file upload.pdb (PDB, C-alpha atoms, pLDDT in the B column)
ATOM      1  CA  MET Z1356     116.145 190.880 142.106  1.00 38.00           C
ATOM      2  CA  MET Z1357     119.804 189.901 142.583  1.00 39.00           C
ATOM      3  CA  PHE Z1358     120.944 193.357 141.423  1.00 38.00           C
ATOM      4  CA  TYR Z1359     118.919 194.974 144.220  1.00 40.00           C
ATOM      5  CA  ARG Z1360     120.096 192.564 146.891  1.00 45.00           C
ATOM      6  CA  SER Z1361     123.780 192.756 146.068  1.00 48.00           C
ATOM      7  CA  TYR Z1362     123.841 196.584 146.007  1.00 53.00           C
ATOM      8  CA  GLN Z1363     121.655 197.191 149.055  1.00 77.00           C
ATOM      9  CA  SER Z1364     123.025 199.945 151.320  1.00 88.00           C
ATOM     10  CA  TYR Z1365     124.502 199.081 154.692  1.00 92.00           C
ATOM     11  CA  CYS Z1366     122.044 201.459 156.373  1.00 91.00           C
ATOM     12  CA  HIS Z1367     119.135 199.583 154.843  1.00 92.00           C
ATOM     13  CA  ARG Z1368     120.658 196.259 155.893  1.00 93.00           C
ATOM     14  CA  LEU Z1369     121.175 197.545 159.440  1.00 92.00           C
ATOM     15  CA  GLN Z1370     117.582 198.714 159.581  1.00 91.00           C
ATOM     16  CA  HIS Z1371     116.530 195.232 158.492  1.00 89.00           C
ATOM     17  CA  ASP Z1372     118.814 193.538 161.071  1.00 92.00           C
ATOM     18  CA  THR Z1373     118.058 195.811 164.058  1.00 90.00           C
ATOM     19  CA  TYR Z1374     115.238 193.718 165.516  1.00 90.00           C
ATOM     20  CA  PHE Z1375     117.308 190.550 165.163  1.00 90.00           C
ATOM     21  CA  LEU Z1376     120.293 192.130 166.945  1.00 90.00           C
ATOM     22  CA  ILE Z1377     118.276 193.637 169.794  1.00 88.00           C
ATOM     23  CA  SER Z1378     115.848 190.798 170.451  1.00 82.00           C
ATOM     24  CA  THR Z1379     116.557 187.896 172.811  1.00 69.00           C
ATOM     25  CA  SER Z1380     119.926 189.282 173.965  1.00 72.00           C
ATOM     26  CA  ARG Z1381     121.920 187.968 171.026  1.00 79.00           C
ATOM     27  CA  LEU Z1382     124.733 190.383 171.859  1.00 85.00           C
ATOM     28  CA  ASN Z1383     126.174 190.331 175.340  1.00 88.00           C
ATOM     29  CA  GLU Z1384     127.759 193.206 177.260  1.00 90.00           C
ATOM     30  CA  GLN Z1385     131.358 192.324 176.372  1.00 92.00           C
ATOM     31  CA  VAL Z1386     130.712 192.029 172.633  1.00 92.00           C
ATOM     32  CA  VAL Z1387     128.839 195.356 172.509  1.00 92.00           C
ATOM     33  CA  ASP Z1388     131.720 197.032 174.372  1.00 92.00           C
ATOM     34  CA  LYS Z1389     134.260 195.564 171.930  1.00 93.00           C
ATOM     35  CA  ILE Z1390     132.213 196.782 168.961  1.00 93.00           C
ATOM     36  CA  VAL Z1391     131.874 200.285 170.439  1.00 93.00           C
ATOM     37  CA  LEU Z1392     135.611 200.437 171.198  1.00 93.00           C
ATOM     38  CA  GLN Z1393     136.475 199.287 167.682  1.00 92.00           C
ATOM     39  CA  LEU Z1394     134.185 201.934 166.177  1.00 93.00           C
ATOM     40  CA  ASN Z1395     135.859 204.483 168.421  1.00 93.00           C
ATOM     41  CA  ARG Z1396     139.389 203.468 167.434  1.00 90.00           C
ATOM     42  CA  VAL Z1397     138.975 202.791 163.705  1.00 84.00           C
ATOM     43  CA  TYR Z1398     140.316 205.367 161.262  1.00 76.00           C
ATOM     44  CA  PRO Z1399     138.467 207.474 160.312  1.00 76.00           C
ATOM     45  CA  GLN Z1400     136.850 207.505 163.722  1.00 87.00           C
ATOM     46  CA  ILE Z1401     133.211 206.381 163.563  1.00 91.00           C
ATOM     47  CA  LEU Z1402     132.318 207.176 167.180  1.00 92.00           C
ATOM     48  CA  THR Z1403     133.812 210.072 169.101  1.00 92.00           C
ATOM     49  CA  ASN Z1404     135.074 209.509 172.641  1.00 92.00           C
ATOM     50  CA  GLU Z1405     131.900 211.058 174.116  1.00 93.00           C
ATOM     51  CA  GLU Z1406     129.648 208.867 171.928  1.00 92.00           C
ATOM     52  CA  ALA Z1407     131.640 205.765 172.844  1.00 92.00           C
ATOM     53  CA  GLU Z1408     131.279 206.547 176.568  1.00 92.00           C
ATOM     54  CA  LYS Z1409     127.541 207.056 176.103  1.00 92.00           C
ATOM     55  CA  PHE Z1410     127.101 203.654 174.374  1.00 92.00           C
ATOM     56  CA  ARG Z1411     129.316 201.892 176.945  1.00 91.00           C
ATOM     57  CA  ASN Z1412     127.583 203.422 179.986  1.00 90.00           C
ATOM     58  CA  PRO Z1413     126.741 200.492 182.315  1.00 87.00           C
ATOM     59  CA  LYS Z1414     123.959 202.522 184.008  1.00 90.00           C
ATOM     60  CA  ALA Z1415     121.743 202.190 180.914  1.00 90.00           C
ATOM     61  CA  SER Z1416     120.374 198.792 179.908  1.00 90.00           C
ATOM     62  CA  LEU Z1417     122.145 196.898 177.156  1.00 89.00           C
ATOM     63  CA  HIS Z1418     118.941 196.868 175.077  1.00 89.00           C
ATOM     64  CA  THR Z1419     118.680 200.678 175.213  1.00 91.00           C
ATOM     65  CA  ARG Z1420     122.379 201.276 174.499  1.00 92.00           C
ATOM     66  CA  LEU Z1421     122.358 198.873 171.551  1.00 91.00           C
ATOM     67  CA  SER Z1422     119.196 200.281 169.986  1.00 91.00           C
ATOM     68  CA  ASP Z1423     120.542 203.840 170.435  1.00 93.00           C
ATOM     69  CA  LEU Z1424     123.848 202.811 168.853  1.00 94.00           C
ATOM     70  CA  LEU Z1425     122.133 201.284 165.820  1.00 93.00           C
ATOM     71  CA  LYS Z1426     119.894 204.336 165.327  1.00 94.00           C
ATOM     72  CA  HIS Z1427     122.896 206.645 165.693  1.00 94.00           C
ATOM     73  CA  LEU Z1428     124.870 204.721 163.054  1.00 94.00           C
ATOM     74  CA  GLN Z1429     121.946 204.749 160.619  1.00 93.00           C
ATOM     75  CA  LYS Z1430     121.695 208.541 160.937  1.00 94.00           C
ATOM     76  CA  LYS Z1431     125.438 208.963 160.288  1.00 93.00           C
ATOM     77  CA  GLY Z1432     125.400 207.147 156.939  1.00 91.00           C
ATOM     78  CA  ASP Z1433     126.441 204.092 155.003  1.00 93.00           C
ATOM     79  CA  ARG Z1434     130.151 204.176 155.927  1.00 92.00           C
ATOM     80  CA  HIS Z1435     129.324 204.081 159.647  1.00 93.00           C
ATOM     81  CA  CYS Z1436     126.938 201.158 159.169  1.00 93.00           C
ATOM     82  CA  GLN Z1437     129.535 199.315 157.109  1.00 93.00           C
ATOM     83  CA  GLU Z1438     132.097 199.710 159.892  1.00 93.00           C
ATOM     84  CA  PHE Z1439     129.551 198.357 162.380  1.00 94.00           C
ATOM     85  CA  TYR Z1440     129.164 195.223 160.247  1.00 94.00           C
ATOM     86  CA  ARG Z1441     132.941 194.860 160.065  1.00 93.00           C
ATOM     87  CA  ALA Z1442     133.222 195.165 163.859  1.00 93.00           C
ATOM     88  CA  LEU Z1443     130.371 192.694 164.322  1.00 93.00           C
ATOM     89  CA  GLN Z1444     132.070 190.209 162.015  1.00 94.00           C
ATOM     90  CA  ILE Z1445     135.361 190.496 163.895  1.00 93.00           C
ATOM     91  CA  ASN Z1446     133.854 190.243 167.391  1.00 93.00           C
ATOM     92  CA  ALA Z1447     130.840 187.953 166.836  1.00 92.00           C
ATOM     93  CA  GLU Z1448     131.337 186.072 163.586  1.00 92.00           C
ATOM     94  CA  GLN Z1449     128.658 183.444 164.199  1.00 91.00           C
ATOM     95  CA  LEU Z1450     126.055 186.121 164.898  1.00 90.00           C
ATOM     96  CA  PHE Z1451     127.234 188.039 161.832  1.00 92.00           C
ATOM     97  CA  ASN Z1452     126.725 184.944 159.665  1.00 91.00           C
ATOM     98  CA  ASP Z1453     123.212 184.435 161.093  1.00 90.00           C
ATOM     99  CA  LEU Z1454     121.996 187.959 160.286  1.00 91.00           C
ATOM    100  CA  PRO Z1455     118.773 188.084 158.232  1.00 90.00           C
ATOM    101  CA  SER Z1456     120.387 190.421 155.681  1.00 88.00           C
ATOM    102  CA  ARG Z1457     123.243 187.925 155.193  1.00 86.00           C
ATOM    103  CA  LYS Z1458     120.769 185.137 154.573  1.00 80.00           C
ATOM    104  CA  ILE Z1459     119.016 187.252 151.941  1.00 74.00           C
ATOM    105  CA  LEU Z1460     122.349 187.957 150.246  1.00 64.00           C
ATOM    106  CA  LYS Z1461     123.159 184.225 150.241  1.00 60.00           C
ATOM    107  CA  THR Z1462     119.799 183.228 148.743  1.00 54.00           C
ATOM    108  CA  PRO Z1463     120.348 182.297 145.102  1.00 54.00           C
ATOM    109  CA  ASP Z1464     118.432 184.097 142.396  1.00 50.00           C
ATOM    110  CA  PRO Z1465     116.344 181.627 140.366  1.00 51.00           C
ATOM    111  CA  THR Z1466     117.308 183.414 137.146  1.00 46.00           C
ATOM    112  CA  GLU Z1467     121.039 182.955 137.768  1.00 49.00           C
ATOM    113  CA  ILE Z1468     122.955 180.007 136.347  1.00 48.00           C
ATOM    114  CA  ASP Z1469     124.025 177.518 138.969  1.00 53.00           C
ATOM    115  CA  THR Z1470     127.646 176.867 138.009  1.00 53.00           C
ATOM    116  CA  ASP Z1471     127.809 173.583 139.920  1.00 53.00           C
ATOM    117  CA  LYS Z1472     124.762 172.269 138.089  1.00 53.00           C
ATOM    118  CA  GLU Z1473     126.058 173.625 134.767  1.00 52.00           C
ATOM    119  CA  GLN Z1474     129.381 171.901 135.346  1.00 52.00           C
ATOM    120  CA  TYR Z1475     127.597 168.629 135.992  1.00 54.00           C
ATOM    121  CA  MET Z1476     125.499 169.060 132.876  1.00 55.00           C
ATOM    122  CA  LEU Z1477     128.631 169.507 130.762  1.00 53.00           C
ATOM    123  CA  ASN Z1478     130.240 166.393 132.210  1.00 58.00           C
ATOM    124  CA  ASP Z1479     127.286 164.009 132.040  1.00 64.00           C
ATOM    125  CA  ARG Z1480     128.492 162.388 128.791  1.00 72.00           C
ATOM    126  CA  GLY Z1481     131.263 160.491 130.501  1.00 74.00           C
ATOM    127  CA  PRO Z1482     134.926 159.930 129.790  1.00 79.00           C
ATOM    128  CA  VAL Z1483     134.380 157.775 126.679  1.00 83.00           C
ATOM    129  CA  PHE Z1484     132.756 160.697 124.866  1.00 82.00           C
ATOM    130  CA  PHE Z1485     135.668 162.996 125.661  1.00 80.00           C
ATOM    131  CA  LEU Z1486     138.233 160.340 124.678  1.00 86.00           C
ATOM    132  CA  ALA Z1487     136.438 159.896 121.356  1.00 88.00           C
ATOM    133  CA  CYS Z1488     136.450 163.663 120.761  1.00 88.00           C
ATOM    134  CA  PHE Z1489     140.119 163.839 121.650  1.00 88.00           C
ATOM    135  CA  SER Z1490     140.918 160.940 119.305  1.00 92.00           C
ATOM    136  CA  VAL Z1491     139.106 162.603 116.417  1.00 92.00           C
ATOM    137  CA  ALA Z1492     140.890 165.896 117.080  1.00 92.00           C
ATOM    138  CA  ALA Z1493     144.274 164.157 117.329  1.00 92.00           C
ATOM    139  CA  GLY Z1494     143.565 162.224 114.107  1.00 90.00           C
ATOM    140  CA  LEU Z1495     142.643 165.390 112.255  1.00 88.00           C
ATOM    141  CA  ALA Z1496     145.767 167.137 113.555  1.00 87.00           C
ATOM    142  CA  LEU Z1497     147.955 164.212 112.441  1.00 84.00           C
ATOM    143  CA  PHE Z1498     146.260 164.130 109.039  1.00 83.00           C
ATOM    144  CA  TRP Z1499     146.787 167.888 108.628  1.00 82.00           C
ATOM    145  CA  TYR Z1500     150.445 167.582 109.626  1.00 80.00           C
ATOM    146  CA  CYS Z1501     151.079 164.749 107.218  1.00 76.00           C
ATOM    147  CA  CYS Z1502     149.287 166.501 104.359  1.00 73.00           C
ATOM    148  CA  ASN Z1503     151.357 169.623 104.776  1.00 72.00           C
ATOM    149  CA  SER Z1504     154.643 167.703 104.970  1.00 65.00           C
ATOM    150  CA  GLY Z1505     153.968 165.605 101.824  1.00 57.00           C
ATOM    151  CA  LYS Z1506     153.800 162.294 103.667  1.00 55.00           C
ATOM    152  CA  LEU Z1507     150.366 161.483 102.255  1.00 54.00           C
ATOM    153  CA  SER Z1508     151.200 162.020  98.620  1.00 55.00           C
ATOM    154  CA  TRP Z1509     151.043 158.244  98.164  1.00 54.00           C
ATOM    155  CA  LEU Z1510     147.302 158.470  99.050  1.00 55.00           C
ATOM    156  CA  GLY Z1511     146.703 160.899  96.205  1.00 55.00           C
ATOM    157  CA  CYS Z1512     148.830 158.832  93.879  1.00 58.00           C
ATOM    158  CA  THR Z1513     146.800 155.704  94.605  1.00 58.00           C
ATOM    159  CA  TRP Z1514     143.546 157.581  94.136  1.00 54.00           C
ATOM    160  CA  PHE Z1515     144.717 159.183  90.886  1.00 55.00           C
ATOM    161  CA  HIS Z1516     145.838 155.865  89.389  1.00 56.00           C
ATOM    162  CA  ALA Z1517     142.678 154.090  90.536  1.00 58.00           C
ATOM    163  CA  LYS Z1518     140.566 156.640  88.623  1.00 57.00           C
ATOM    164  CA  GLY Z1519     142.146 155.762  85.336  1.00 59.00           C
ATOM    165  CA  GLY Z1520     145.377 157.652  85.365  1.00 56.00           C
ATOM    166  CA  ASP Z1521     148.637 156.055  84.465  1.00 55.00           C
ATOM    167  CA  PRO Z1522     149.428 152.970  86.501  1.00 54.00           C
ATOM    168  CA  PRO Z1523     151.785 153.717  89.378  1.00 52.00           C
ATOM    169  CA  GLY Z1524     155.360 153.044  88.698  1.00 51.00           C
ATOM    170  CA  GLU Z1525     158.566 154.613  87.580  1.00 47.00           C
ATOM    171  CA  HIS Z1526     157.136 156.244  84.478  1.00 48.00           C
ATOM    172  CA  CYS Z1527     154.557 158.365  86.328  1.00 53.00           C
ATOM    173  CA  GLY Z1528     157.214 159.856  88.574  1.00 51.00           C
ATOM    174  CA  CYS Z1529     154.949 159.760  91.638  1.00 53.00           C
ATOM    175  CA  HIS Z1530     157.501 158.154  93.835  1.00 51.00           C
ATOM    176  CA  ALA Z1531     160.450 160.235  92.764  1.00 48.00           C
ATOM    177  CA  VAL Z1532     162.013 162.348  95.460  1.00 46.00           C
ATOM    178  CA  GLY Z1533     160.458 165.793  95.740  1.00 49.00           C
ATOM    179  CA  ARG Z1534     157.583 165.109  93.351  1.00 52.00           C
ATOM    180  CA  ASN Z1535     153.947 164.436  94.066  1.00 52.00           C
ATOM    181  CA  CYS Z1536     151.426 162.703  91.897  1.00 52.00           C
ATOM    182  CA  PRO Z1537     148.941 165.094  90.273  1.00 53.00           C
ATOM    183  CA  GLY Z1538     146.111 163.247  92.073  1.00 51.00           C
ATOM    184  CA  ALA Z1539     147.516 164.108  95.503  1.00 49.00           C
ATOM    185  CA  GLU Z1540     146.639 167.735  95.084  1.00 52.00           C
ATOM    186  CA  GLN Z1541     143.102 166.790  93.975  1.00 51.00           C
ATOM    187  CA  VAL Z1542     142.477 164.542  97.009  1.00 49.00           C
ATOM    188  CA  LEU Z1543     143.876 166.920  99.568  1.00 50.00           C
ATOM    189  CA  ALA Z1544     142.353 170.074  98.096  1.00 50.00           C
TER     190      ALA Z1544
END
call {"tool": "encode", "arguments": {"input": "upload.pdb", "output": "structure tokens"}}
result
Amino acid sequence: MMFYRSYQSYCHRLQHDTYFLISTSRLNEQVVDKIVLQLNRVYPQILTNEEAEKFRNPKASLHTRLSDLLKHLQKKGDRHCQEFYRALQINAEQLFNDLPSRKILKTPDPTEIDTDKEQYMLNDRGPVFFLACFSVAAGLALFWYCCNSGKLSWLGCTWFHAKGGDPPGEHCGCHAVGRNCPGAEQVLA
């Protein structure tokens, strides 16, 4: 459903919005003239000079000129309709935002993930949970650093001697510079 709505052609959108734009005089004379002039002056030119004069003719009613303009743009193609929407946005932004096709495009698809809700769901555990996770990660990183630098060899030495190895002291050589107790490798491995 969202795929269809987001890639809907401008001609189809304009066809959908025509009744809204024409009914109850939503566009006044000055805004329609500004839109026609912009479509006449934009590059590449959407309306020729003769077409612009026809759609700005004050002898015809605004309703007729506007409906003729919208039909003309739909016949010309998607690029022309897109330029009409751009001109409408520039000259009547509030009306542009109230278009039925814009409201359809803004309607969320029930199958899409609501990122605001998802963000809330990820953060519902509170700061204590994240501090605990950070503390565990920092502790593991510190432990890994110390193990790789040989600072925890005394832990292995204590474990090795507690399991029945030689008692710690000078004769086992555990505390000599540059040497580790054989139990340190067993604990840390």
call {"tool": "residues_near_point", "arguments": {"input": "upload.pdb", "point": "(134.8, 206.5, 153.0)", "cutoff": "12 Å", "atoms": "only C-alpha atoms", "output": "PyMOL selection string"}}
result
chain Z and resi 1398-1401+1432-1438
call {"tool": "resolve_selection", "arguments": {"input": "upload.pdb", "expression": "the PyMOL selection byres ((chain Z and resi 1405-1412) around 12)", "output": "PyMOL selection string"}}
result
chain Z and resi 1384-1396+1400-1404+1413-1428
call {"tool": "resolve_selection", "arguments": {"input": "upload.pdb", "expression": "the PyMOL selection byres ((chain Z and resi 1456) around 12)", "output": "ChimeraX atom specification"}}
result
/Z:1360-1376,1440,1450-1455,1457-1462
call {"tool": "atom_distance", "arguments": {"input": "upload.pdb", "atom1": "atom CA of Ala1487 of chain Z", "atom2": "atom CA of Trp1499 of chain Z"}}
result
18.2 Å
call {"tool": "atom_distance", "arguments": {"input": "upload.pdb", "atom1": "atom CA of Lys1431 of chain Z", "atom2": "atom CA of Val1397 of chain Z"}}
result
15.3 Å
call {"tool": "atom_distance", "arguments": {"input": "upload.pdb", "atom1": "atom CA of Phe1498 of chain Z", "atom2": "atom CA of Arg1480 of chain Z"}}
result
26.6 Å
